[in-house]
>>> print(open('coords02.csv').read())   # CSV, C-alpha atoms
chain,number,residue,atom,x,y,z
Q,1,MET,CA,10.5,-35.9,2.7
Q,2,PRO,CA,6.8,-35.2,2.6
Q,3,THR,CA,6.6,-36.3,-1.0
Q,4,GLU,CA,7.9,-39.8,-0.1
Q,5,SER,CA,5.1,-40.3,2.4
Q,6,LEU,CA,2.6,-39.9,-0.4
Q,7,ARG,CA,4.0,-42.9,-2.1
Q,8,THR,CA,3.3,-45.2,0.8
Q,9,PRO,CA,-0.2,-46.7,0.4
Q,10,LEU,CA,-2.6,-45.8,3.2
Q,11,PRO,CA,-4.0,-48.9,5.0
Q,12,LEU,CA,-7.6,-49.4,4.3
Q,13,PRO,CA,-9.9,-50.1,7.3
Q,14,THR,CA,-10.4,-53.8,7.8
Q,15,SER,CA,-12.7,-53.8,10.8
Q,16,PRO,CA,-15.6,-56.2,10.4
Q,17,THR,CA,-17.9,-53.6,11.9
Q,18,ALA,CA,-16.9,-51.2,9.2
Q,19,TRP,CA,-17.0,-53.3,6.1
Q,20,GLY,CA,-19.4,-56.1,6.9
Q,21,ARG,CA,-19.4,-59.6,8.5
Q,22,SER,CA,-16.4,-61.0,10.3
Q,23,ASP,CA,-15.7,-63.3,7.3
Q,24,GLY,CA,-15.1,-60.2,5.1
Q,25,SER,CA,-18.4,-60.4,3.1
Q,26,LEU,CA,-20.7,-57.4,2.8
Q,27,PRO,CA,-23.9,-57.4,4.7
Q,28,ALA,CA,-26.9,-58.6,2.8
Q,29,ARG,CA,-29.6,-56.2,1.8
Q,30,GLY,CA,-32.1,-55.7,4.5
Q,31,GLU,CA,-29.7,-56.4,7.4
Q,32,GLY,CA,-30.0,-52.7,8.4
Q,33,ARG,CA,-28.2,-49.5,7.5
Q,34,GLY,CA,-25.6,-49.6,10.4
Q,35,GLY,CA,-23.0,-51.2,8.1
Q,36,GLU,CA,-23.5,-48.6,5.4
Q,37,ARG,CA,-23.1,-45.8,7.9
Q,38,ALA,CA,-19.9,-47.4,9.3
Q,39,ILE,CA,-18.5,-47.7,5.8
Q,40,TYR,CA,-19.3,-44.1,5.1
Q,41,ARG,CA,-17.6,-42.9,8.3
Q,42,ALA,CA,-14.5,-45.1,7.5
Q,43,LEU,CA,-14.2,-43.6,4.0
Q,44,LEU,CA,-14.4,-40.0,5.4
Q,45,ALA,CA,-11.7,-40.8,7.9
Q,46,TRP,CA,-9.5,-42.2,5.2
Q,47,LEU,CA,-10.0,-39.2,2.9
Q,48,ALA,CA,-9.3,-36.8,5.8
Q,49,ALA,CA,-5.9,-38.6,6.5
Q,50,LEU,CA,-5.1,-38.3,2.8
Q,51,CYS,CA,-5.8,-34.5,2.8
Q,52,LEU,CA,-3.6,-34.1,5.9
Q,53,LEU,CA,-0.7,-35.8,4.1
Q,54,CYS,CA,-1.2,-33.7,1.0
Q,55,ALA,CA,-1.2,-30.5,3.1
Q,56,ALA,CA,2.0,-31.6,4.8
Q,57,ALA,CA,3.7,-32.0,1.4
Q,58,LEU,CA,3.1,-28.4,0.5
Q,59,PRO,CA,5.6,-25.7,1.5
Q,60,ALA,CA,4.3,-23.6,4.4
Q,61,HIS,CA,3.9,-19.8,3.8
Q,62,ALA,CA,5.6,-20.1,0.4
Q,63,ALA,CA,5.8,-17.2,-2.0
Q,64,ALA,CA,6.9,-17.0,-5.6
Q,65,ILE,CA,10.3,-15.4,-6.2
Q,66,ARG,CA,8.5,-12.8,-8.5
Q,67,ASP,CA,6.7,-11.5,-5.4
Q,68,LEU,CA,9.8,-11.3,-3.3
Q,69,THR,CA,12.3,-9.7,-5.7
Q,70,SER,CA,12.7,-7.4,-8.6
Q,71,VAL,CA,15.2,-7.6,-11.5
Q,72,GLN,CA,17.8,-4.8,-11.2
Q,73,GLY,CA,17.7,-2.5,-14.1
Q,74,VAL,CA,14.0,-3.4,-15.0
Q,75,ARG,CA,12.1,-0.5,-13.4
Q,76,VAL,CA,9.3,2.0,-13.9
Q,77,ASN,CA,10.2,5.5,-15.0
Q,78,GLN,CA,8.3,8.6,-14.1
Q,79,LEU,CA,7.2,11.1,-16.7
Q,80,VAL,CA,5.9,14.7,-16.2
Q,81,GLY,CA,4.6,17.4,-18.5
Q,82,TYR,CA,2.8,20.8,-18.5
Q,83,GLY,CA,-0.2,21.4,-20.6
Q,84,LEU,CA,-3.6,23.1,-20.9
Q,85,VAL,CA,-7.1,21.7,-20.4
Q,86,VAL,CA,-9.8,23.5,-22.4
Q,87,GLY,CA,-13.6,23.3,-22.6
Q,88,LEU,CA,-14.3,23.8,-18.9
Q,89,GLY,CA,-17.4,25.9,-19.1
Q,90,GLY,CA,-16.4,28.7,-16.8
Q,91,THR,CA,-14.5,26.7,-14.2
Q,92,GLY,CA,-11.0,27.4,-15.5
Q,93,ASP,CA,-8.2,29.6,-14.2
Q,94,GLN,CA,-8.8,33.3,-13.5
Q,95,ALA,CA,-6.4,35.1,-15.8
Q,96,THR,CA,-5.8,38.0,-13.4
Q,97,GLN,CA,-4.5,35.7,-10.7
Q,98,VAL,CA,-2.9,33.1,-12.9
Q,99,PRO,CA,-1.1,34.9,-15.7
Q,100,TYR,CA,0.9,31.9,-16.9
Q,101,THR,CA,-2.3,30.2,-18.2
Q,102,THR,CA,-2.8,33.1,-20.6
Q,103,GLN,CA,0.8,33.1,-21.6
Q,104,SER,CA,0.7,29.4,-22.4
Q,105,LEU,CA,-2.4,29.9,-24.4
Q,106,LEU,CA,-0.9,32.7,-26.5
Q,107,SER,CA,2.3,30.6,-27.1
Q,108,MET,CA,0.1,27.7,-28.3
Q,109,PHE,CA,-1.8,30.1,-30.6
Q,110,GLN,CA,1.5,31.3,-32.1
Q,111,ARG,CA,2.7,27.7,-32.8
Q,112,LEU,CA,-0.6,27.1,-34.5
Q,113,GLY,CA,-0.1,30.2,-36.7
Q,114,ILE,CA,-2.7,32.4,-34.8
Q,115,ASN,CA,-1.3,35.9,-34.1
Q,116,LEU,CA,-3.5,38.1,-32.0
Q,117,PRO,CA,-3.2,41.9,-32.0
Q,118,PRO,CA,-1.4,43.2,-28.9
Q,119,GLY,CA,-4.5,44.9,-27.5
Q,120,VAL,CA,-6.5,41.7,-27.7
Q,121,ALA,CA,-3.7,39.6,-26.4
Q,122,SER,CA,-3.2,41.8,-23.3
Q,123,ASN,CA,-6.9,41.7,-22.5
Q,124,LEU,CA,-7.4,38.0,-23.0
Q,125,GLN,CA,-9.1,36.5,-20.0
Q,126,PRO,CA,-10.3,33.0,-20.8
Q,127,LYS,CA,-12.4,31.2,-18.3
Q,128,ASP,CA,-12.6,27.8,-19.9
Q,129,VAL,CA,-8.8,27.0,-19.8
Q,130,ALA,CA,-6.8,25.6,-16.9
Q,131,ALA,CA,-3.1,25.0,-16.6
Q,132,VAL,CA,-2.4,21.5,-15.5
Q,133,MET,CA,0.5,19.1,-14.7
Q,134,ILE,CA,0.5,15.7,-16.3
Q,135,THR,CA,2.2,12.7,-14.6
Q,136,ALA,CA,2.5,9.1,-15.8
Q,137,ASN,CA,4.5,6.0,-15.1
Q,138,LEU,CA,6.3,4.4,-18.0
Q,139,PRO,CA,6.4,0.6,-17.5
Q,140,PRO,CA,9.6,-1.3,-18.3
Q,141,PHE,CA,10.0,-2.7,-21.8
Q,142,SER,CA,7.4,-0.2,-23.1
Q,143,GLN,CA,7.7,0.2,-26.9
Q,144,PRO,CA,6.7,3.0,-29.2
Q,145,GLY,CA,3.0,2.9,-30.0
Q,146,GLN,CA,1.8,1.5,-26.7
Q,147,GLN,CA,-0.6,3.5,-24.5
Q,148,ILE,CA,-0.3,4.3,-20.8
Q,149,ASN,CA,-2.6,6.1,-18.3
Q,150,VAL,CA,-2.0,9.7,-17.2
Q,151,THR,CA,-3.1,11.8,-14.3
Q,152,VAL,CA,-4.0,15.4,-14.8
Q,153,SER,CA,-3.8,17.9,-11.9
Q,154,ALA,CA,-4.7,21.6,-11.9
Q,155,VAL,CA,-1.9,24.0,-10.8
Q,156,GLY,CA,-3.9,27.3,-10.9
Q,157,ASN,CA,-7.1,28.3,-9.3
Q,158,ALA,CA,-9.5,26.3,-11.5
Q,159,SER,CA,-12.5,25.1,-9.6
Q,160,SER,CA,-13.1,22.0,-11.7
Q,161,LEU,CA,-11.6,20.0,-14.6
Q,162,ALA,CA,-14.8,18.1,-15.3
Q,163,GLY,CA,-15.7,17.9,-19.0
Q,164,GLY,CA,-12.3,19.3,-20.1
Q,165,THR,CA,-10.0,18.1,-22.8
Q,166,LEU,CA,-6.2,18.0,-22.5
Q,167,LEU,CA,-4.4,19.4,-25.5
Q,168,MET,CA,-1.4,17.5,-26.9
Q,169,THR,CA,1.4,17.6,-24.3
Q,170,PRO,CA,4.8,16.0,-24.4
Q,171,LEU,CA,5.8,14.0,-21.3
Q,172,LYS,CA,9.5,14.1,-20.4
Q,173,GLY,CA,11.7,11.9,-18.2
Q,174,ALA,CA,14.4,12.9,-15.8
Q,175,ASP,CA,16.9,13.3,-18.6
Q,176,GLY,CA,14.7,15.9,-20.4
Q,177,GLN,CA,13.9,13.7,-23.3
Q,178,THR,CA,10.3,13.2,-24.5
Q,179,TYR,CA,9.1,9.6,-24.1
Q,180,ALA,CA,5.3,10.0,-24.5
Q,181,VAL,CA,2.7,12.4,-25.8
Q,182,ALA,CA,-0.6,12.8,-23.9
Q,183,GLN,CA,-4.0,14.1,-25.1
Q,184,GLY,CA,-7.7,13.2,-24.4
Q,185,SER,CA,-10.8,13.9,-22.3
Q,186,VAL,CA,-10.2,14.2,-18.6
Q,187,VAL,CA,-12.4,12.0,-16.3
Q,188,VAL,CA,-13.0,13.4,-12.8
Q,189,SER,CA,-14.5,11.1,-10.2
Q,190,GLY,CA,-16.1,13.8,-8.1
Q,191,PHE,CA,-18.9,16.4,-8.7
Q,192,GLY,CA,-20.0,19.6,-7.1
Q,193,ALA,CA,-22.8,22.2,-7.2
Q,194,ALA,CA,-23.1,25.8,-6.0
Q,195,SER,CA,-25.9,28.3,-5.8
Q,196,GLY,CA,-26.6,31.4,-3.8
Q,197,GLY,CA,-23.4,31.2,-1.7
Q,198,ASN,CA,-24.1,27.5,-0.8
Q,199,SER,CA,-22.0,24.7,-2.3
Q,200,THR,CA,-21.5,21.0,-2.0
Q,201,GLN,CA,-18.7,18.8,-3.3
Q,202,VAL,CA,-18.0,15.1,-3.4
Q,203,ASN,CA,-14.3,14.0,-3.8
Q,204,PHE,CA,-11.9,16.3,-5.7
Q,205,LEU,CA,-12.7,18.1,-8.9
Q,206,THR,CA,-9.2,19.5,-9.7
Q,207,ALA,CA,-7.6,16.2,-10.5
Q,208,GLY,CA,-8.6,13.5,-13.0
Q,209,MET,CA,-7.3,10.7,-15.2
Q,210,ILE,CA,-7.1,9.8,-18.9
Q,211,ALA,CA,-7.2,6.1,-19.5
Q,212,ASN,CA,-4.7,5.2,-22.2
Q,213,GLY,CA,-4.2,8.9,-22.6
Q,214,ALA,CA,-0.6,8.9,-23.6
Q,215,THR,CA,1.2,7.2,-26.5
Q,216,VAL,CA,4.8,6.0,-26.0
Q,217,GLU,CA,7.1,7.6,-28.5
Q,218,ARG,CA,10.5,6.3,-27.3
Q,219,ALA,CA,11.6,3.1,-25.5
Q,220,VAL,CA,13.9,3.3,-22.4
Q,221,ALA,CA,17.2,1.4,-22.8
Q,222,ASN,CA,17.8,-1.4,-20.3
Q,223,ASN,CA,20.7,-3.8,-19.7
Q,224,PHE,CA,18.6,-6.9,-19.5
Q,225,ASP,CA,19.6,-8.1,-23.0
Q,226,LYS,CA,23.3,-7.6,-22.2
Q,227,ALA,CA,25.3,-10.7,-21.5
Q,228,GLY,CA,26.3,-11.3,-17.9
Q,229,PRO,CA,24.7,-12.2,-14.6
Q,230,ILE,CA,21.3,-11.1,-13.6
Q,231,THR,CA,20.9,-9.3,-10.3
Q,232,LEU,CA,17.7,-9.9,-8.2
Q,233,ALA,CA,16.9,-7.3,-5.5
Q,234,LEU,CA,14.8,-8.3,-2.5
Q,235,ASN,CA,11.8,-6.0,-1.9
Q,236,SER,CA,12.4,-6.4,1.9
Q,237,PRO,CA,16.1,-7.1,2.6
Q,238,SER,CA,16.7,-10.1,4.8
Q,239,PHE,CA,19.8,-12.3,5.1
Q,240,GLY,CA,17.7,-15.4,5.6
Q,241,THR,CA,15.3,-14.8,2.7
Q,242,ALA,CA,18.3,-14.0,0.4
Q,243,SER,CA,20.0,-17.3,1.3
Q,244,ARG,CA,16.8,-19.2,0.8
Q,245,VAL,CA,16.2,-17.7,-2.7
Q,246,ALA,CA,19.8,-18.6,-3.7
Q,247,ASP,CA,19.4,-22.1,-2.4
Q,248,SER,CA,16.1,-22.6,-4.2
Q,249,ILE,CA,17.7,-21.5,-7.5
Q,250,ASN,CA,20.7,-23.7,-7.0
Q,251,GLN,CA,18.5,-26.8,-6.2
Q,252,ARG,CA,16.6,-26.2,-9.5
Q,253,PHE,CA,19.5,-25.2,-11.9
Q,254,GLY,CA,22.6,-26.6,-10.2
Q,255,ALA,CA,25.1,-25.5,-7.6
Q,256,GLY,CA,26.8,-22.1,-8.2
Q,257,THR,CA,24.0,-20.7,-10.3
Q,258,ALA,CA,22.9,-18.1,-7.7
Q,259,THR,CA,24.9,-16.4,-4.9
Q,260,ALA,CA,23.5,-14.2,-2.2
Q,261,LEU,CA,25.8,-11.2,-2.1
Q,262,ASN,CA,24.1,-9.5,0.9
Q,263,ALA,CA,20.7,-9.2,2.5
Q,264,GLY,CA,19.2,-7.5,-0.5
Q,265,VAL,CA,21.0,-8.7,-3.6
Q,266,ILE,CA,21.2,-12.2,-5.3
Q,267,GLN,CA,23.4,-12.6,-8.3
Q,268,VAL,CA,22.3,-15.2,-10.8
Q,269,ASN,CA,24.4,-16.6,-13.7
Q,270,ALA,CA,22.1,-16.4,-16.8
Q,271,PRO,CA,22.4,-17.6,-20.4
Q,272,LEU,CA,23.9,-15.2,-23.0
Q,273,THR,CA,21.2,-14.9,-25.6
Q,274,ALA,CA,18.1,-12.7,-25.0
Q,275,GLY,CA,15.6,-15.5,-25.6
Q,276,ASP,CA,17.3,-18.0,-23.3
Q,277,ARG,CA,17.6,-15.3,-20.6
Q,278,THR,CA,13.9,-14.5,-20.8
Q,279,ALA,CA,12.9,-18.2,-20.4
Q,280,PHE,CA,15.4,-18.7,-17.7
Q,281,LEU,CA,14.2,-15.8,-15.6
Q,282,GLY,CA,10.6,-16.9,-16.1
Q,283,GLN,CA,11.4,-20.2,-14.5
Q,284,ILE,CA,13.3,-18.6,-11.7
Q,285,GLU,CA,10.4,-16.2,-10.8
Q,286,ALA,CA,8.0,-19.2,-10.7
Q,287,LEU,CA,10.0,-21.0,-7.9
Q,288,ASP,CA,8.4,-21.0,-4.4
Q,289,VAL,CA,10.4,-19.8,-1.4
Q,290,SER,CA,9.4,-19.6,2.2
Q,291,PRO,CA,10.6,-16.1,3.3
Q,292,GLU,CA,12.1,-15.5,6.7
Q,293,SER,CA,9.7,-14.1,9.3
Q,294,PRO,CA,9.8,-10.3,9.4
Q,295,PRO,CA,11.3,-8.6,12.4
Q,296,ALA,CA,9.1,-7.7,15.3
Q,297,LYS,CA,7.9,-4.1,14.6
Q,298,VAL,CA,5.3,-1.7,15.9
Q,299,VAL,CA,4.3,1.2,13.6
Q,300,ILE,CA,2.7,4.3,15.0
Q,301,ASP,CA,0.9,7.0,13.1
Q,302,ALA,CA,0.8,9.9,15.6
Q,303,ARG,CA,-1.3,12.1,13.4
Q,304,SER,CA,-4.3,9.7,13.2
Q,305,GLY,CA,-3.6,7.7,16.4
Q,306,THR,CA,-3.2,4.4,14.5
Q,307,VAL,CA,-1.1,1.6,15.9
Q,308,VAL,CA,-0.1,-1.4,13.8
Q,309,LEU,CA,1.4,-4.4,15.6
Q,310,GLY,CA,3.6,-6.8,13.8
Q,311,GLN,CA,4.0,-10.5,14.6
Q,312,ASN,CA,6.5,-11.8,17.2
Q,313,VAL,CA,6.2,-8.7,19.4
Q,314,THR,CA,6.8,-9.5,23.1
Q,315,LEU,CA,7.4,-7.6,26.3
Q,316,GLY,CA,9.8,-8.0,29.2
Q,317,ALA,CA,8.7,-7.7,32.8
Q,318,CYS,CA,7.4,-4.2,33.5
Q,319,ALA,CA,4.8,-2.2,35.4
Q,320,VAL,CA,2.8,0.5,33.7
Q,321,ALA,CA,0.9,3.3,35.5
Q,322,HIS,CA,-0.8,5.9,33.3
Q,323,GLY,CA,-3.1,8.6,34.3
Q,324,ASN,CA,-4.6,11.8,32.8
Q,325,LEU,CA,-4.1,15.3,34.0
Q,326,SER,CA,-6.7,17.8,32.8
Q,327,VAL,CA,-6.6,21.5,33.3
Q,328,THR,CA,-9.8,23.6,32.8
Q,329,ILE,CA,-9.8,27.4,32.5
Q,330,ASN,CA,-13.2,29.1,32.6
Q,331,THR,CA,-13.4,32.8,32.1
Q,332,GLN,CA,-16.6,34.8,32.8
Q,333,TYR,CA,-17.0,38.5,32.2
Q,334,GLU,CA,-18.8,40.6,34.8
Q,335,VAL,CA,-19.8,44.3,34.7
Q,336,SER,CA,-18.5,46.5,37.4
Q,337,GLN,CA,-21.0,49.3,38.1
Q,338,PRO,CA,-19.7,52.2,40.2
Q,339,ASN,CA,-21.6,54.2,42.8
Q,340,PRO,CA,-24.1,56.5,41.1
Q,341,LEU,CA,-22.7,59.4,43.1
Q,342,GLY,CA,-19.1,58.5,42.5
Q,343,ALA,CA,-16.8,59.5,39.6
Q,344,GLY,CA,-16.1,56.0,38.5
Q,345,GLN,CA,-16.9,54.4,35.1
Q,346,THR,CA,-18.6,51.2,34.2
Q,347,ALA,CA,-16.0,48.5,33.2
Q,348,VAL,CA,-16.0,44.8,32.2
Q,349,VAL,CA,-14.0,42.7,34.6
Q,350,PRO,CA,-13.0,39.2,33.7
Q,351,LYS,CA,-13.3,36.5,36.3
Q,352,THR,CA,-11.1,33.5,35.7
Q,353,ASP,CA,-11.5,30.1,37.3
Q,354,VAL,CA,-8.7,27.5,36.9
Q,355,LYS,CA,-9.2,23.9,37.9
Q,356,ALA,CA,-6.8,21.0,37.6
Q,357,LYS,CA,-7.8,17.4,37.9
Q,358,ALA,CA,-5.6,14.3,37.9
Q,359,ASP,CA,-7.3,11.0,37.2
Q,360,LYS,CA,-6.4,7.9,39.2
Q,361,ALA,CA,-3.5,6.1,37.5
Q,362,ASN,CA,-4.2,2.5,36.6
Q,363,LEU,CA,-1.2,0.2,37.5
Q,364,LEU,CA,-0.8,-2.8,35.2
Q,365,MET,CA,1.8,-5.5,35.8
Q,366,PHE,CA,3.1,-7.6,32.8
Q,367,LYS,CA,5.1,-10.8,33.1
Q,368,PRO,CA,8.1,-11.6,30.8
Q,369,GLY,CA,7.2,-12.9,27.4
Q,370,VAL,CA,3.7,-11.6,27.3
Q,371,THR,CA,2.5,-10.6,23.8
Q,372,LEU,CA,1.7,-7.1,22.9
Q,373,GLU,CA,-1.8,-8.2,21.9
Q,374,ALA,CA,-2.4,-9.0,25.6
Q,375,VAL,CA,-1.1,-5.6,26.6
Q,376,VAL,CA,-3.4,-3.8,24.2
Q,377,ARG,CA,-6.4,-5.7,25.5
Q,378,ALA,CA,-5.4,-4.8,29.1
Q,379,LEU,CA,-5.0,-1.1,28.1
Q,380,ASN,CA,-8.3,-1.1,26.3
Q,381,ALA,CA,-10.0,-2.6,29.4
Q,382,VAL,CA,-8.9,0.3,31.5
Q,383,GLY,CA,-10.1,2.8,28.9
Q,384,ALA,CA,-6.8,4.0,27.4
Q,385,ALA,CA,-7.3,6.2,24.4
Q,386,PRO,CA,-5.2,5.7,21.2
Q,387,ASN,CA,-2.9,8.6,22.2
Q,388,ASP,CA,-2.4,7.0,25.6
Q,389,LEU,CA,-1.5,3.8,23.9
Q,390,ILE,CA,1.1,5.6,21.8
Q,391,ALA,CA,2.6,7.3,24.8
Q,392,ILE,CA,2.8,4.0,26.7
Q,393,LEU,CA,4.4,2.1,23.9
Q,394,GLN,CA,7.1,4.8,23.5
Q,395,ALA,CA,7.8,4.7,27.2
Q,396,MET,CA,8.0,0.9,27.1
Q,397,LYS,CA,10.6,1.1,24.3
Q,398,ALA,CA,12.6,3.7,26.2
Q,399,ALA,CA,12.6,1.4,29.3
Q,400,GLY,CA,13.8,-1.6,27.2
Q,401,ALA,CA,10.7,-3.6,27.9
Q,402,LEU,CA,9.3,-3.6,24.3
Q,403,HIS,CA,11.1,-6.2,22.3
Q,404,ALA,CA,10.4,-4.8,18.8
Q,405,GLN,CA,11.3,-2.0,16.5
Q,406,LEU,CA,9.3,1.1,17.1
Q,407,GLU,CA,8.6,3.1,14.0
Q,408,VAL,CA,6.7,6.5,14.1
Q,409,ILE,CA,5.4,7.8,10.8
>>> encode(input="coords02.csv", output="structure tokens")
Amino acid sequence: MPTESLRTPLPLPTSPTAWGRSDGSLPARGEGRGGERAIYRALLAWLAALCLLCAAALPAHAAAIRDLTSVQGVRVNQLVGYGLVVGLGGTGDQATQVPYTTQSLLSMFQRLGINLPPGVASNLQPKDVAAVMITANLPPFSQPGQQINVTVSAVGNASSLAGGTLLMTPLKGADGQTYAVAQGSVVVSGFGAASGGNSTQVNFLTAGMIANGATVERAVANNFDKAGPITLALNSPSFGTASRVADSINQRFGAGTATALNAGVIQVNAPLTAGDRTAFLGQIEALDVSPESPPAKVVIDARSGTVVLGQNVTLGACAVAHGNLSVTINTQYEVSQPNPLGAGQTAVVPKTDVKAKADKANLLMFKPGVTLEAVVRALNAVGAAPNDLIAILQAMKAAGALHAQLEVI
């Protein structure tokens, strides 16, 4: 074990050239600085050896269990609500095109005891009000009185939410129950200006955030306090990682404490009382585990031309020839002028010129076991564009030469 090696004392250098005279005594003052430099070099070498032994004792690429797993039943819940933002200074919804903004405002007036005459209500066209959707994430174990952040997004044709204030809005969960109430000033990260038909804008003005803008009104029930085993779910399912997590827990708390049920679930026998379960789970999450190496994967974003290469990606023996075919169509319009004495009419006649050009294909040979990094360097050397690289990788996968999972997003 690496920890046992640290208990063995390291031999100190005993060379007479390093420490002094051959009889073991230190050199006298004035005999030169060669002995001092030798001692300094010997100490550096001894400290370097000690650092190597300490590094060998640490687990390689270890990660805490809290970073690899999540506790089943302990999760974030999404909340959503519909409300109104007021005080926009003329940048709100246009009532003629967004009638539900006016309807929502009239309904709010009625709840507040304000009843407008029918003629006034039908002609109400506020420009400082915008209909918005409010979204928030309710963290696990949130209790009434705690505050969470909310995001406010316009749903009408408001041009900006800057300077607006969100009126009190209930936020509901998937079960239709109200779990929080949001209200506050909307902060928008962008800005814009317009004058004389010209405009400029930085970032988006129709979405903003209210820090601590919602107050939790109801806690979400969870089964963490119930007696029974605790289930850990791996963030990235892997049979090897699940087995290592279970082994690490069993080594710390005894055999049979944890069992890897499958590639993504580890069942842990936990204490019965809530306080003991909390302390027990805290100790488990602090354990270090070396996760299994992820599978070889190549991720392609065809929209942006982005290619991300994972580790352990290799190729089989293959030859790649890729060339470009370009077709150019050039149309010019010419005027056909008839004979002055004839009965014809002047007409515009199109003249079309079609040219096709095929670039020379570059043939590249790859030996078995070559890494994809070398392939990318070779393709870049011949001037392959990102779209060409995507097409080549897809063809390699179809031919069975690419030893990796190919994922197109």
>>> closest_residue(input="coords02.csv", among="Q:Arg75, Q:Lys172, Q:Arg218, Q:Lys367", to="Cys318 of chain Q", atoms="all atoms listed in the file")
Q:Lys367
>>> atom_distance(input="coords02.csv", atom1="atom CA of Thr215 of chain Q", atom2="atom CA of Asn77 of chain Q")
14.7 Å
>>> closest_residue(input="coords02.csv", among="Q:Ala180, Q:Val120, Q:Val76, Q:Val85", to="Asn137 of chain Q", atoms="only C-alpha atoms")
Q:Val76
>>> residues_around(input="coords02.csv", residues="Phe253 of chain Q", least_positions_apart="4", cutoff="12 Å", atoms="only C-alpha atoms", output="list in words")
Ala246, Asp247, Ser248, Ile249, Thr257, Ala258, Val268, Asn269, Ala270, Pro271, Phe280, Leu281, Gln283, Ile284 and Leu287 of chain Q
>>> residues_around(input="coords02.csv", residues="Ile210 of chain Q", least_positions_apart="2", cutoff="7 Å", atoms="only C-alpha atoms", output="PyMOL selection string")
chain Q and resi 149-151+184-187+212-213
>>> residues_around(input="coords02.csv", residues="Val80 of chain Q", least_positions_apart="2", cutoff="12 Å", atoms="all atoms listed in the file", output="VMD selection string")
chain Q and resid 77 to 78 82 to 83 132 to 138 150 to 153 169 to 182 214
>>> atom_distance(input="coords02.csv", atom1="atom CA of Asp93 of chain Q", atom2="atom CA of Val129 of chain Q")
6.2 Å
>>> residues_around(input="coords02.csv", residues="Gly400 of chain Q", least_positions_apart="4", cutoff="9 Å", atoms="all atoms listed in the file", output="PyMOL selection string")
chain Q and resi 315-316+395-396
>>> atom_distance(input="coords02.csv", atom1="atom CA of Val245 of chain Q", atom2="atom CA of Arg66 of chain Q")
10.8 Å
>>> closest_residue(input="coords02.csv", among="Q:Ile390, Q:Met108, Q:Met209, Q:Leu166", to="Arg303 of chain Q", atoms="all atoms listed in the file")
Q:Ile390
>>> residues_around(input="coords02.csv", residues="Ser336 of chain Q", least_positions_apart="2", cutoff="10 Å", atoms="all atoms listed in the file", output="MDAnalysis selection string")
chainID Q and resid 333:334 338:339 344:350
>>> closest_residue(input="coords02.csv", among="Q:Val265, Q:Val370, Q:Leu79, Q:Ile392", to="Ala321 of chain Q", atoms="only C-alpha atoms")
Q:Ile392
>>> closest_residue(input="coords02.csv", among="Q:Gly228, Q:Leu161, Q:Gly282, Q:Gln405", to="Asn312 of chain Q", atoms="all atoms listed in the file")
Q:Gln405
>>> closest_residue(input="coords02.csv", among="Q:Thr241, Q:Leu393, Q:Ser304, Q:Val86", to="Met168 of chain Q", atoms="all atoms listed in the file")
Q:Val86
